[in-house]
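Source file: data.cif (mmCIF, C-alpha atoms (C1' of nucleotides))
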```
data_upload
loop_
_atom_site.label_atom_id
_atom_site.label_comp_id
_atom_site.auth_asym_id
_atom_site.auth_seq_id
_atom_site.Cartn_x
_atom_site.Cartn_y
_atom_site.Cartn_z
CA MET A 1 -9.27 -18.03 -1.14
CA SER A 2 -7.80 -19.47 2.01
CA ARG A 3 -7.21 -17.49 5.17
CA PHE A 4 -3.48 -17.57 4.63
CA GLU A 5 -3.81 -16.57 0.99
CA MET A 6 -5.73 -13.46 2.10
CA MET A 7 -2.98 -12.55 4.56
CA VAL A 8 -0.24 -12.94 1.97
CA GLY A 9 -2.35 -10.97 -0.51
CA ALA A 10 -2.82 -8.16 2.01
CA ILE A 11 0.94 -7.69 2.24
CA LEU A 12 1.62 -8.13 -1.47
CA THR A 13 -1.01 -5.58 -2.50
CA GLN A 14 0.71 -2.72 -0.69
CA ASN A 15 0.85 0.14 -3.20
CA THR A 16 0.27 -2.40 -5.96
CA ALA A 17 -2.56 -3.29 -8.34
CA TRP A 18 -4.33 -6.51 -7.38
CA ALA A 19 -3.84 -7.96 -10.88
CA ASN A 20 -0.09 -8.08 -10.24
CA VAL A 21 -0.63 -9.63 -6.83
CA GLU A 22 -2.66 -12.41 -8.43
CA LYS A 23 0.34 -13.42 -10.51
CA ALA A 24 2.53 -13.65 -7.44
CA ILE A 25 -0.13 -15.62 -5.55
CA SER A 26 -0.52 -17.92 -8.52
CA ASN A 27 3.25 -18.56 -8.56
CA LEU A 28 3.20 -19.45 -4.89
CA LYS A 29 0.16 -21.65 -5.29
CA SER A 30 1.65 -23.57 -8.22
CA ALA A 31 4.73 -24.25 -6.12
CA ARG A 32 2.51 -25.35 -3.20
CA LEU A 33 3.96 -22.68 -0.98
CA LEU A 34 0.76 -21.03 0.20
CA SER A 35 0.85 -22.33 3.74
CA PRO A 36 2.56 -20.91 6.83
CA GLY A 37 4.74 -24.00 7.19
CA ALA A 38 5.89 -24.07 3.59
CA MET A 39 6.61 -20.39 3.54
CA ALA A 40 8.50 -20.55 6.81
CA LYS A 41 10.94 -23.03 5.28
CA LEU A 42 11.36 -21.06 2.07
CA GLY A 43 14.59 -19.09 1.60
CA ARG A 44 14.37 -15.37 0.99
CA LYS A 45 15.87 -15.53 -2.47
CA ARG A 46 13.40 -18.13 -3.68
CA LEU A 47 10.48 -16.32 -2.09
CA ALA A 48 11.52 -13.09 -3.78
CA LYS A 49 11.56 -14.84 -7.13
CA PHE A 50 7.99 -16.09 -6.73
CA ILE A 51 6.54 -12.75 -5.67
CA ARG A 52 8.47 -10.68 -8.19
CA PRO A 53 5.40 -9.77 -10.35
CA ALA A 54 3.87 -7.96 -7.36
CA GLY A 55 6.70 -5.41 -7.35
CA TYR A 56 8.83 -4.20 -4.42
CA TYR A 57 9.83 -7.83 -4.12
CA ASN A 58 12.81 -7.31 -1.79
CA ILE A 59 10.91 -5.29 0.78
CA LYS A 60 7.85 -7.53 0.49
CA THR A 61 9.99 -10.63 1.00
CA LYS A 62 11.24 -9.08 4.22
CA ARG A 63 7.69 -8.19 5.29
CA LEU A 64 6.31 -11.63 4.52
CA LYS A 65 9.15 -13.20 6.49
CA ASN A 66 8.50 -10.85 9.41
CA PHE A 67 4.86 -11.84 9.29
CA ILE A 68 5.63 -15.56 9.19
CA PHE A 69 7.98 -15.14 12.13
CA PHE A 70 5.14 -13.44 14.00
CA LEU A 71 2.80 -16.35 13.19
CA PHE A 72 5.44 -18.76 14.43
CA SER A 73 6.38 -16.98 17.63
CA GLU A 74 2.81 -16.06 18.66
CA TYR A 75 0.80 -19.02 17.39
CA GLY A 76 3.23 -21.75 16.38
CA LEU A 77 2.05 -21.21 12.78
CA ASN A 78 -1.42 -22.36 13.84
CA LEU A 79 -4.00 -20.03 12.30
CA ASP A 80 -6.84 -21.50 14.37
CA LYS A 81 -5.01 -20.35 17.45
CA MET A 82 -4.74 -16.92 15.90
CA ARG A 83 -8.45 -16.97 15.10
CA GLY A 84 -9.21 -17.35 18.82
CA GLU A 85 -7.86 -13.91 19.62
CA PRO A 86 -10.24 -11.02 20.32
CA THR A 87 -10.21 -8.46 17.51
CA ALA A 88 -8.67 -5.64 19.53
CA VAL A 89 -5.84 -7.86 20.77
CA LEU A 90 -5.16 -9.24 17.30
CA ARG A 91 -5.15 -5.76 15.80
CA LYS A 92 -2.61 -4.50 18.27
CA LYS A 93 -0.35 -7.48 17.73
CA LEU A 94 -0.57 -7.26 13.94
CA LEU A 95 0.32 -3.56 14.03
CA GLY A 96 3.43 -4.52 15.95
CA VAL A 97 4.76 -6.51 13.01
CA ASN A 98 7.26 -4.55 10.92
CA GLY A 99 5.70 -4.19 7.49
CA VAL A 100 2.10 -4.37 8.67
CA GLY A 101 0.49 -0.94 8.81
CA PRO A 102 -3.14 -0.05 9.53
CA GLU A 103 -4.53 -0.92 6.10
CA THR A 104 -2.75 -4.25 5.83
CA CYS A 105 -3.75 -5.08 9.40
CA ASP A 106 -7.41 -4.24 8.87
CA SER A 107 -7.51 -6.12 5.55
CA ILE A 108 -6.29 -9.21 7.35
CA LEU A 109 -8.89 -8.75 10.10
CA LEU A 110 -11.78 -8.22 7.69
CA TYR A 111 -10.94 -10.58 4.83
CA ALA A 112 -9.04 -13.36 6.57
CA PHE A 113 -10.83 -13.37 9.91
CA ASP A 114 -14.22 -11.93 9.03
CA ARG A 115 -13.96 -9.29 11.76
CA PRO A 116 -16.15 -6.17 11.50
CA VAL A 117 -13.34 -3.69 10.81
CA PHE A 118 -13.61 -1.08 8.06
CA VAL A 119 -10.60 -0.96 5.76
CA ILE A 120 -9.41 2.47 4.66
CA ASP A 121 -7.42 2.54 1.45
CA ALA A 122 -6.28 5.14 -1.05
CA TYR A 123 -9.63 4.99 -2.88
CA THR A 124 -11.62 5.59 0.28
CA LYS A 125 -9.41 8.49 1.30
CA ARG A 126 -9.69 10.02 -2.15
CA ILE A 127 -13.46 9.88 -2.23
CA ILE A 128 -13.96 11.14 1.30
CA SER A 129 -11.47 13.97 0.94
CA ARG A 130 -12.82 15.06 -2.45
CA HIS A 131 -16.19 15.46 -0.84
CA GLY A 132 -14.55 17.74 1.68
CA ILE A 133 -15.60 15.47 4.53
CA LEU A 134 -12.06 15.04 5.81
CA GLY A 135 -8.68 16.37 4.77
CA GLN A 136 -6.59 14.04 2.62
CA SER A 137 -3.91 13.72 5.26
CA SER A 138 -6.26 13.19 8.20
CA PRO A 139 -5.29 10.25 10.40
CA TYR A 140 -6.31 6.76 9.32
CA GLU A 141 -8.46 6.44 12.43
CA ASP A 142 -10.50 9.50 11.47
CA PHE A 143 -11.43 7.97 8.12
CA GLN A 144 -12.16 4.65 9.76
CA GLY A 145 -14.31 6.27 12.46
CA LEU A 146 -16.46 7.88 9.82
CA PHE A 147 -17.63 4.45 8.67
CA MET A 148 -17.47 2.55 11.92
CA ASP A 149 -19.47 5.18 13.80
CA ASN A 150 -22.17 5.27 11.13
CA LEU A 151 -22.58 1.72 9.87
CA ALA A 152 -23.70 -1.44 11.62
CA HIS A 153 -20.67 -3.47 12.71
CA ASP A 154 -21.22 -6.29 10.28
CA SER A 155 -18.30 -7.70 8.30
CA ALA A 156 -20.50 -8.46 5.29
CA ILE A 157 -21.69 -4.84 5.16
CA PHE A 158 -18.17 -3.46 5.59
CA ASN A 159 -16.98 -5.82 2.89
CA GLU A 160 -19.63 -4.80 0.38
CA TYR A 161 -19.44 -1.11 1.20
CA HIS A 162 -15.72 -1.13 0.65
CA ALA A 163 -16.09 -3.04 -2.62
CA LEU A 164 -18.56 -0.39 -3.81
CA ILE A 165 -16.13 2.38 -2.95
CA VAL A 166 -13.41 0.66 -4.95
CA LYS A 167 -15.77 0.20 -7.88
CA LEU A 168 -16.86 3.81 -7.68
CA ALA A 169 -13.29 5.04 -7.64
CA LYS A 170 -12.28 2.79 -10.52
CA ASP A 171 -15.30 3.58 -12.67
CA PHE A 172 -15.17 7.32 -12.28
CA CYS A 173 -11.86 8.31 -10.87
CA ARG A 174 -9.04 6.80 -12.84
CA THR A 175 -7.10 10.00 -13.32
CA LYS A 176 -5.25 11.77 -10.58
CA PRO A 177 -6.22 14.47 -9.86
CA CYS A 178 -9.80 13.75 -10.72
CA CYS A 179 -11.47 15.53 -13.63
CA ASP A 180 -13.69 18.56 -13.19
CA GLY A 181 -17.36 17.77 -12.87
CA CYS A 182 -16.43 14.38 -11.52
CA PRO A 183 -19.33 11.94 -11.12
CA LEU A 184 -18.01 11.38 -7.62
CA ASP A 185 -20.21 14.31 -6.69
CA ASP A 186 -23.06 11.85 -6.93
CA SER A 187 -21.32 9.10 -5.04
CA LYS A 188 -23.74 9.17 -2.12
CA ASN A 189 -26.59 8.29 -4.45
CA TYR A 190 -24.40 5.79 -6.23
CA LEU A 191 -23.64 3.97 -3.00
CA ALA A 192 -27.25 4.18 -1.85
CA ASN A 193 -28.51 2.73 -5.12
CA ASN A 194 -26.02 -0.08 -5.30
CA ILE A 195 -25.79 -1.39 -1.78
CA SER A 196 -28.06 -4.35 -1.27
"C1'" DG B 1 8.09 6.39 -22.82
"C1'" DA B 2 5.53 8.42 -18.96
"C1'" DC B 3 2.50 7.62 -15.50
"C1'" DC B 4 0.14 5.13 -12.06
"C1'" DA B 5 -1.35 1.27 -8.83
"C1'" DG B 6 -6.00 -0.95 -2.55
"C1'" DG B 7 1.56 1.09 1.96
"C1'" DC B 8 5.05 1.20 4.96
"C1'" DA B 9 9.29 2.25 7.39
"C1'" DC B 10 12.87 5.12 7.98
"C1'" DA B 11 15.75 9.44 7.61
"C1'" DT B 12 15.90 14.11 8.20
"C1'" DC B 13 14.71 18.51 9.78
"C1'" DG C 1 5.75 15.81 14.80
"C1'" DA C 2 5.69 16.79 9.86
"C1'" DT C 3 7.56 15.94 5.51
"C1'" DG C 4 10.32 13.43 2.00
"C1'" DT C 5 12.09 9.27 0.02
"C1'" DG C 6 13.00 4.40 -1.34
"C1'" DC C 7 11.04 0.35 -2.72
"C1'" DA C 8 9.81 -2.21 -8.52
"C1'" DT C 9 6.77 -4.64 -11.61
"C1'" DG C 10 3.15 -4.55 -15.13
"C1'" DG C 11 -0.83 -2.28 -17.47
"C1'" DT C 12 -2.55 1.78 -19.98
#
```
Can you turn what I pasted into structure tokens?
Amino acid sequence: MSRFEMMVGAILTQNTAWANVEKAISNLKSARLLSPGAMAKLGRKRLAKFIRPAGYYNIKTKRLKNFIFFLFSEYGLNLDKMRGEPTAVLRKKLLGVNGVGPETCDSILLYAFDRPVFVIDAYTKRIISRHGILGQSSPYEDFQGLFMDNLAHDSAIFNEYHALIVKLAKDFCRTKPCCDGCPLDDSKNYLANNIS
DNA sequence: GACCAGGCACATC
DNA sequence: GATGTGCATGGT
């Protein structure tokens, strides 16, 4: 997956299953539109048609266009220029883009730019709050601090740890609210046994 | 046919 | 500042 593909995916996956995002990405790829330049030239209506399988296609079209405009105005659509930014600066700028919230921003930092930033998503919040470690509606930063204050700042570790959380949630926690006697109670051991 | 899925911005109080 | 609501398709 290219850097740009990851960024587009981060926006498309907002409140959406990844399987649906893959269809949208595949549409864009087939049409050779998965580059900042190509997407910048693309009209909103056509873009919306390509990303339709990912749901919320009107709002996501707007968000993708906002993001492309940001790439253009800040970096002249040059992702290498973007890559030169320090993480803290990049994070602040990304959060300034309408349609890019903390999770989308951190996904871009971790997956597209390999920065050691822990991504907090619905799965992570669910697991942490069900263990009574934090309240469900605690601030994003509180959840993030839990991991970033206790794990080595290594993008590979953050990446794998997050993948394990997603797997844990999907394997054992499909229903909402979770069943009684949920195997999540053993999630600490699960993570300890599965992390390499 | 109902319910849910790796958010976010905006309106309203 | 907290809470509620709109956005939409596809899989189970």
Inset, instruction - Translate the PyMOL selection byres ((chain A) within 10 of (chain B)), as applied to the file shown, into an explicit residue set as a PyMOL selection string. - result: chain A and resi 10-20+59+63+98-104+107+119-124+166+174-176
Legend entry - Expansion of the PyMOL selection byres ((chain C) within 9 of (chain A)) into residues, as a count of residues only: 4
Legend entry - Atom pair atom CA of Ser137 of chain A / atom CA of Glu22 of chain A: separation (Å): 29.5 Å
Ground truth for the PyMOL selection byres ((chain A and resi 42) around 12), written as a PDB file with C-alpha atoms, in the frame of the given file:
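Result file expr20.pdb:
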```
ATOM      1  CA  LEU A  28       3.200 -19.450  -4.890  1.00  0.00           C
ATOM      2  CA  ALA A  31       4.730 -24.250  -6.120  1.00  0.00           C
ATOM      3  CA  ARG A  32       2.510 -25.350  -3.200  1.00  0.00           C
ATOM      4  CA  LEU A  33       3.960 -22.680  -0.980  1.00  0.00           C
ATOM      5  CA  LEU A  34       0.760 -21.030   0.200  1.00  0.00           C
ATOM      6  CA  SER A  35       0.850 -22.330   3.740  1.00  0.00           C
ATOM      7  CA  PRO A  36       2.560 -20.910   6.830  1.00  0.00           C
ATOM      8  CA  GLY A  37       4.740 -24.000   7.190  1.00  0.00           C
ATOM      9  CA  ALA A  38       5.890 -24.070   3.590  1.00  0.00           C
ATOM     10  CA  MET A  39       6.610 -20.390   3.540  1.00  0.00           C
ATOM     11  CA  ALA A  40       8.500 -20.550   6.810  1.00  0.00           C
ATOM     12  CA  LYS A  41      10.940 -23.030   5.280  1.00  0.00           C
ATOM     13  CA  GLY A  43      14.590 -19.090   1.600  1.00  0.00           C
ATOM     14  CA  ARG A  44      14.370 -15.370   0.990  1.00  0.00           C
ATOM     15  CA  LYS A  45      15.870 -15.530  -2.470  1.00  0.00           C
ATOM     16  CA  ARG A  46      13.400 -18.130  -3.680  1.00  0.00           C
ATOM     17  CA  LEU A  47      10.480 -16.320  -2.090  1.00  0.00           C
ATOM     18  CA  ALA A  48      11.520 -13.090  -3.780  1.00  0.00           C
ATOM     19  CA  LYS A  49      11.560 -14.840  -7.130  1.00  0.00           C
ATOM     20  CA  PHE A  50       7.990 -16.090  -6.730  1.00  0.00           C
ATOM     21  CA  THR A  61       9.990 -10.630   1.000  1.00  0.00           C
ATOM     22  CA  LEU A  64       6.310 -11.630   4.520  1.00  0.00           C
ATOM     23  CA  LYS A  65       9.150 -13.200   6.490  1.00  0.00           C
ATOM     24  CA  ILE A  68       5.630 -15.560   9.190  1.00  0.00           C
TER      25      ILE A  68
END
```
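Coordinates place atom CA of Lys23 of chain A at a distance of 24.0 Å from atom CA of Leu71 of chain A.
Take the candidates A:Phe158, A:Phe172, A:Tyr140, A:Phe72 and check each one against Val117 of chain A using all atoms listed in the file; the shortest distance goes to A:Phe158.
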Legend entry - Pairwise distance for atom CA of Ala156 of chain A and atom CA of Phe113 of chain A, rounded to one decimal in Å: 11.8 Å
